[in-house]
>>> print(open('upload-v1.tsv').read())   # TSV, C-alpha atoms
chain	number	residue	atom	x	y	z
R	1	MET	CA	-191.81	-46.75	103.74
R	2	TYR	CA	-192.29	-49.07	106.72
R	3	LEU	CA	-195.25	-50.79	105.06
R	4	HIS	CA	-193.07	-51.35	101.99
R	5	LEU	CA	-190.50	-53.16	104.14
R	6	ILE	CA	-193.16	-55.21	105.90
R	7	LYS	CA	-194.79	-56.27	102.64
R	8	ASN	CA	-191.42	-57.58	101.46
R	9	GLY	CA	-190.78	-59.44	104.70
R	10	PHE	CA	-187.75	-57.51	105.99
R	11	HIS	CA	-189.25	-57.49	109.48
R	12	ILE	CA	-189.10	-61.30	109.56
R	13	HIS	CA	-185.31	-61.13	109.86
R	14	VAL	CA	-185.77	-59.12	113.06
R	15	ILE	CA	-188.30	-61.68	114.33
R	16	HIS	CA	-185.81	-64.41	113.49
R	17	ALA	CA	-183.08	-62.72	115.53
R	18	LEU	CA	-185.43	-62.24	118.49
R	19	LEU	CA	-186.60	-65.86	118.38
R	20	GLN	CA	-183.03	-67.07	118.24
R	21	TYR	CA	-182.14	-64.90	121.23
R	22	MET	CA	-185.14	-66.04	123.29
R	23	THR	CA	-185.13	-69.74	122.46
R	24	LYS	CA	-181.43	-70.39	121.76
R	25	ASN	CA	-182.80	-72.94	119.30
R	26	THR	CA	-181.45	-72.37	115.80
R	27	TYR	CA	-183.57	-75.09	114.23
R	28	LEU	CA	-186.83	-73.83	115.74
R	29	SER	CA	-186.27	-70.15	114.99
R	30	ALA	CA	-185.15	-70.79	111.40
R	31	THR	CA	-188.00	-73.22	110.68
R	32	ILE	CA	-190.61	-70.77	111.93
R	33	CYS	CA	-189.23	-67.75	110.10
R	34	ILE	CA	-188.69	-69.50	106.77
R	35	LYS	CA	-192.39	-70.33	106.78
R	36	LEU	CA	-193.28	-66.83	107.98
R	37	TYR	CA	-191.85	-65.38	104.80
R	38	SER	CA	-194.27	-67.41	102.64
R	39	LEU	CA	-197.19	-66.45	104.89
R	40	ASN	CA	-196.26	-62.79	104.70
R	41	TYR	CA	-195.69	-62.84	100.94
R	42	PHE	CA	-199.02	-64.43	100.08
R	43	TYR	CA	-200.85	-62.25	102.59
R	44	TRP	CA	-199.78	-59.13	100.73
R	45	TYR	CA	-199.52	-60.32	97.13
R	46	SER	CA	-201.92	-63.24	96.60
R	47	HIS	CA	-204.49	-60.89	95.06
R	48	LEU	CA	-202.14	-60.36	92.10
R	49	TYR	CA	-202.52	-63.99	90.97
R	50	ASN	CA	-205.35	-65.56	89.01
R	51	TYR	CA	-205.31	-69.13	90.27
R	52	LEU	CA	-208.83	-69.08	91.71
R	53	PRO	CA	-211.98	-67.11	90.80
R	54	ASN	CA	-211.98	-65.60	94.27
R	55	LYS	CA	-208.58	-63.92	94.47
R	56	LYS	CA	-208.83	-63.76	98.25
R	57	LEU	CA	-208.27	-67.53	98.26
R	58	ASN	CA	-205.03	-67.44	96.24
R	59	TRP	CA	-203.08	-67.59	99.52
R	60	ILE	CA	-203.75	-71.36	99.39
R	61	LYS	CA	-201.00	-71.64	96.78
R	62	GLN	CA	-198.33	-71.47	99.49
R	63	PHE	CA	-199.43	-74.95	100.64
R	64	ILE	CA	-199.43	-76.57	97.19
R	65	ARG	CA	-195.76	-76.74	96.23
R	66	PHE	CA	-193.68	-79.75	97.23
R	67	THR	CA	-191.35	-77.33	98.97
R	68	ASP	CA	-194.19	-76.48	101.33
R	69	THR	CA	-194.41	-80.09	102.48
R	70	GLY	CA	-190.87	-79.55	103.71
R	71	HIS	CA	-192.23	-77.11	106.29
R	72	ILE	CA	-194.61	-79.80	107.50
R	73	VAL	CA	-191.90	-82.41	107.95
R	74	SER	CA	-189.58	-79.86	109.58
R	75	PHE	CA	-192.20	-78.95	112.18
R	76	GLY	CA	-193.10	-82.63	112.48
R	77	TYR	CA	-189.59	-83.41	113.67
R	78	LEU	CA	-190.12	-81.11	116.66
R	79	LEU	CA	-193.01	-83.34	117.79
R	80	PHE	CA	-191.70	-86.69	116.56
R	81	PRO	CA	-187.86	-86.73	116.47
R	82	LYS	CA	-187.85	-90.26	115.06
R	83	ILE	CA	-188.92	-88.90	111.65
R	84	LEU	CA	-185.51	-87.28	111.22
R	85	PRO	CA	-184.60	-89.65	108.33
R	86	LEU	CA	-187.82	-88.70	106.51
R	87	ALA	CA	-187.12	-85.01	107.14
R	88	HIS	CA	-183.64	-85.44	105.71
R	89	ASN	CA	-184.86	-87.20	102.59
R	90	VAL	CA	-187.65	-84.71	101.87
R	91	GLN	CA	-185.40	-81.69	102.35
R	92	PHE	CA	-182.71	-83.34	100.22
R	93	ILE	CA	-185.20	-83.78	97.36
R	94	ILE	CA	-186.41	-80.19	97.72
R	95	SER	CA	-182.90	-78.74	97.64
R	96	CYS	CA	-181.48	-80.93	94.89
R	97	GLY	CA	-184.64	-80.85	92.78
R	98	TYR	CA	-184.84	-77.06	92.93
R	99	TRP	CA	-181.21	-76.34	92.10
R	100	LEU	CA	-181.07	-79.06	89.45
R	101	GLY	CA	-184.21	-77.67	87.82
R	102	LYS	CA	-182.96	-74.11	88.01
R	103	ILE	CA	-179.38	-74.67	86.81
R	104	VAL	CA	-179.73	-77.58	84.39
R	105	PHE	CA	-183.31	-77.23	83.13
R	106	ASP	CA	-183.67	-73.44	83.43
R	107	MET	CA	-186.77	-73.84	85.60
R	108	LYS	CA	-188.37	-70.53	86.54
R	109	ASP	CA	-189.09	-69.77	90.17
R	110	ALA	CA	-192.70	-70.57	91.05
R	111	ASP	CA	-194.98	-67.61	91.71
R	112	ARG	CA	-192.30	-65.03	90.96
R	113	LEU	CA	-193.79	-61.58	90.55
R	114	GLY	CA	-191.71	-58.88	88.95
R	115	THR	CA	-191.83	-55.16	89.57
R	116	SER	CA	-194.15	-54.90	86.58
R	117	SER	CA	-196.83	-56.61	88.69
R	118	SER	CA	-196.24	-54.52	91.78
R	119	SER	CA	-193.80	-51.67	92.29
R	120	ASP	CA	-193.64	-52.66	95.98
R	121	ILE	CA	-191.66	-55.82	95.30
R	122	VAL	CA	-187.96	-55.89	96.13
R	123	GLU	CA	-186.81	-58.58	93.72
R	124	TRP	CA	-183.36	-59.26	95.18
R	125	HIS	CA	-184.88	-59.88	98.61
R	126	MET	CA	-187.61	-62.10	97.17
R	127	ASP	CA	-184.96	-64.14	95.35
R	128	MET	CA	-182.80	-64.37	98.47
R	129	CYS	CA	-185.72	-65.73	100.52
R	130	THR	CA	-186.52	-68.24	97.76
R	131	TYR	CA	-182.94	-69.50	97.84
R	132	MET	CA	-183.12	-69.74	101.64
R	133	HIS	CA	-186.26	-71.85	101.33
R	134	HIS	CA	-184.41	-74.35	99.19
R	135	THR	CA	-181.11	-74.45	101.08
R	136	ILE	CA	-181.32	-73.71	104.81
R	137	PRO	CA	-183.86	-76.43	105.81
R	138	TYR	CA	-181.52	-79.12	104.49
R	139	LEU	CA	-178.50	-77.57	106.19
R	140	LEU	CA	-180.46	-77.58	109.45
R	141	ILE	CA	-180.67	-81.38	109.22
R	142	HIS	CA	-176.89	-81.55	109.55
R	143	MET	CA	-177.11	-79.33	112.61
R	144	LEU	CA	-179.62	-81.78	114.10
R	145	TRP	CA	-177.14	-84.62	113.60
R	146	GLN	CA	-174.64	-82.65	115.64
R	147	GLU	CA	-177.22	-82.28	118.41
R	148	GLU	CA	-178.08	-85.99	118.23
R	149	LYS	CA	-174.41	-86.83	118.61
R	150	LYS	CA	-174.20	-84.77	121.80
R	151	HIS	CA	-177.22	-86.34	123.47
R	152	ARG	CA	-177.30	-89.99	122.55
R	153	GLN	CA	-174.80	-92.75	121.94
R	154	VAL	CA	-176.40	-94.57	119.01
R	155	ILE	CA	-175.63	-95.26	115.39
R	156	CYS	CA	-178.58	-93.46	113.84
R	157	SER	CA	-177.51	-94.52	110.35
R	158	TYR	CA	-179.37	-97.79	110.99
R	159	GLU	CA	-182.58	-95.75	110.86
R	160	TYR	CA	-182.04	-95.21	107.14
R	161	ASN	CA	-183.40	-98.40	105.65
R	162	ASN	CA	-185.97	-99.66	103.17
R	163	THR	CA	-188.77	-98.50	105.44
R	164	THR	CA	-187.60	-94.89	105.47
R	165	LEU	CA	-187.13	-95.09	101.70
R	166	LEU	CA	-190.70	-96.36	101.32
R	167	TYR	CA	-192.02	-93.57	103.56
R	168	THR	CA	-190.22	-91.00	101.42
R	169	TYR	CA	-191.71	-92.34	98.18
R	170	ALA	CA	-195.11	-92.37	99.91
R	171	TRP	CA	-194.61	-88.73	100.93
R	172	LEU	CA	-193.85	-87.73	97.34
R	173	TYR	CA	-196.75	-89.65	95.85
R	174	PHE	CA	-199.22	-88.46	98.48
R	175	TRP	CA	-198.33	-84.87	97.60
R	176	PHE	CA	-198.61	-85.56	93.88
R	177	VAL	CA	-201.94	-87.40	93.99
R	178	PHE	CA	-203.81	-85.57	96.73
R	179	ILE	CA	-202.38	-82.03	96.51
R	180	TYR	CA	-200.70	-81.35	93.18
R	181	LEU	CA	-203.12	-83.07	90.78
R	182	PRO	CA	-206.33	-81.64	92.30
R	183	TRP	CA	-204.82	-78.15	92.31
R	184	ARG	CA	-203.65	-78.45	88.72
R	185	TYR	CA	-206.99	-79.87	87.60
R	186	HIS	CA	-209.06	-77.08	89.19
R	187	THR	CA	-206.75	-74.13	88.45
R	188	GLY	CA	-204.73	-75.15	85.39
R	189	ASP	CA	-201.62	-74.02	87.28
R	190	THR	CA	-198.68	-76.39	86.65
R	191	VAL	CA	-196.89	-75.00	89.76
R	192	TYR	CA	-193.48	-75.71	88.18
R	193	SER	CA	-192.61	-74.38	84.74
R	194	ILE	CA	-190.74	-77.57	83.92
R	195	LEU	CA	-194.02	-79.52	84.19
R	196	ASP	CA	-195.79	-77.22	81.74
R	197	LYS	CA	-196.13	-78.91	78.34
R	198	LYS	CA	-196.47	-75.49	76.70
R	199	GLN	CA	-192.99	-74.54	77.86
R	200	THR	CA	-191.18	-77.87	78.16
R	201	PRO	CA	-190.93	-80.81	75.71
R	202	SER	CA	-192.47	-84.04	76.98
R	203	THR	CA	-189.09	-85.79	76.89
R	204	ILE	CA	-187.61	-83.18	79.24
R	205	ILE	CA	-190.57	-83.49	81.61
R	206	PHE	CA	-190.23	-87.27	81.66
R	207	GLY	CA	-186.48	-87.04	82.20
R	208	PHE	CA	-186.89	-84.60	85.07
R	209	VAL	CA	-189.47	-86.85	86.77
R	210	ILE	CA	-187.12	-89.83	86.47
R	211	ILE	CA	-184.26	-87.79	87.90
R	212	ILE	CA	-186.39	-86.79	90.90
R	213	HIS	CA	-187.06	-90.48	91.59
R	214	VAL	CA	-183.34	-91.20	91.39
R	215	ILE	CA	-182.58	-88.30	93.74
R	216	LEU	CA	-185.13	-89.68	96.17
R	217	PHE	CA	-183.47	-93.09	96.12
R	218	PHE	CA	-180.05	-91.61	96.76
R	219	SER	CA	-181.35	-89.28	99.48
R	220	ASN	CA	-181.85	-92.29	101.73
R	221	ARG	CA	-178.40	-93.64	100.97
R	222	ILE	CA	-176.73	-90.27	101.47
R	223	GLY	CA	-178.58	-89.90	104.76
R	224	TYR	CA	-177.24	-93.28	105.84
R	225	LEU	CA	-173.65	-92.51	104.87
R	226	THR	CA	-173.62	-88.99	106.27
R	227	CYS	CA	-175.18	-90.06	109.55
R	228	GLU	CA	-172.71	-92.92	109.77
R	229	TRP	CA	-169.91	-90.40	109.33
R	230	PHE	CA	-171.33	-88.28	112.17
R	231	PHE	CA	-171.79	-91.19	114.57
R	232	GLY	CA	-169.24	-93.71	113.35
>>> encode(input="upload-v1.tsv", output="structure tokens")
Amino acid sequence: MYLHLIKNGFHIHVIHALLQYMTKNTYLSATICIKLYSLNYFYWYSHLYNYLPNKKLNWIKQFIRFTDTGHIVSFGYLLFPKILPLAHNVQFIISCGYWLGKIVFDMKDADRLGTSSSSDIVEWHMDMCTYMHHTIPYLLIHMLWQEEKKHRQVICSYEYNNTTLLYTYAWLYFWFVFIYLPWRYHTGDTVYSILDKKQTPSTIIFGFVIIIHVILFFSNRIGYLTCEWFFG
């Protein structure tokens, strides 16, 4: 029974509570534990996928999705606080892109395994953690603004400019060219169902890609306006 709970990541909630208690840092504890769920999930279930000839290497998939770059930028903020605007923009794209794809385009959750694949899987908990992945990191950005307001008397909205917009586009294209395309070429895995031509008409794929670019553009503007509201 206990192994069943561990395989589904229930113990990570306990770890989260302990980290929060010890560090008193909500951003740090949440960022660590959101990533821990992915690590735990692919540790136990990666062998059920067929991405790579050697199934032991399927755990790599957890670093391929654009969502996973959000973990990088979230941890990056801890070392380089000045990248907060980039962190905001990336997490905004991840959250909006996911929920837009899911609600409007009926995009299926990436890597979702049902109970037919493994009777160990607790689907409602898996879904809950997926939703957390695509919601909480962006909400944490707003918490950071509150902390910034307490500790420094500046108008951080001036940090959201054409440079931060350019960095955000560069982040997206770097992921697409150097991570997504090589993975798709070598495995045939489209990562997102909405990018699969067998499931989605080309016009829908094109429209979704355009919408993501529009969301990216507005992420910078929304960051500017929201930060201005916090500090203005």
>>> atom_distance(input="upload-v1.tsv", atom1="CA of Asn58 (chain R)", atom2="CA of Tyr185 (chain R)")
15.3 Å
>>> residues_near_point(input="upload-v1.tsv", point="(-191.3, -94.6, 100.0)", cutoff="12 Å", atoms="all atoms listed in the file", output="CSV table (one decimal) with C-alpha atoms, in the coordinates of the input")
chain,number,residue,atom,x,y,z
R,85,PRO,CA,-184.6,-89.6,108.3
R,86,LEU,CA,-187.8,-88.7,106.5
R,89,ASN,CA,-184.9,-87.2,102.6
R,90,VAL,CA,-187.6,-84.7,101.9
R,160,TYR,CA,-182.0,-95.2,107.1
R,161,ASN,CA,-183.4,-98.4,105.6
R,162,ASN,CA,-186.0,-99.7,103.2
R,163,THR,CA,-188.8,-98.5,105.4
R,164,THR,CA,-187.6,-94.9,105.5
R,165,LEU,CA,-187.1,-95.1,101.7
R,166,LEU,CA,-190.7,-96.4,101.3
R,167,TYR,CA,-192.0,-93.6,103.6
R,168,THR,CA,-190.2,-91.0,101.4
R,169,TYR,CA,-191.7,-92.3,98.2
R,170,ALA,CA,-195.1,-92.4,99.9
R,171,TRP,CA,-194.6,-88.7,100.9
R,172,LEU,CA,-193.8,-87.7,97.3
R,173,TYR,CA,-196.8,-89.6,95.8
R,174,PHE,CA,-199.2,-88.5,98.5
R,213,HIS,CA,-187.1,-90.5,91.6
R,216,LEU,CA,-185.1,-89.7,96.2
R,217,PHE,CA,-183.5,-93.1,96.1
R,219,SER,CA,-181.4,-89.3,99.5
R,220,ASN,CA,-181.8,-92.3,101.7
>>> atom_distance(input="upload-v1.tsv", atom1="CA of Ile94 (chain R)", atom2="CA of Gly70 (chain R)")
7.5 Å
>>> atom_distance(input="upload-v1.tsv", atom1="CA of Ile121 (chain R)", atom2="CA of His4 (chain R)")
8.2 Å
>>> residues_near_point(input="upload-v1.tsv", point="(-192.2, -69.2, 109.2)", cutoff="12 Å", atoms="only C-alpha atoms", output="PyMOL selection string")
chain R and resi 9+12-13+15-16+19+27-41+62+68+70-72+74-75+129+132-133+137
>>> closest_residue(input="upload-v1.tsv", among="R:Ile204, R:Leu18, R:Leu181, R:Ile64", to="Met107 (chain R)", atoms="all atoms listed in the file")
R:Ile204
>>> closest_residue(input="upload-v1.tsv", among="R:Ala17, R:Leu52, R:Leu5, R:Met128", to="Thr187 (chain R)", atoms="all atoms listed in the file")
R:Leu52
>>> axis_aligned_box(input="upload-v1.tsv", around="region 100-108 of chain R", padding_each_side="8 Å", output="AutoDock Vina command-line options")
--center_x -183.9 --center_y -74.8 --center_z 86.3 --size_x 25.0 --size_y 24.5 --size_z 22.3
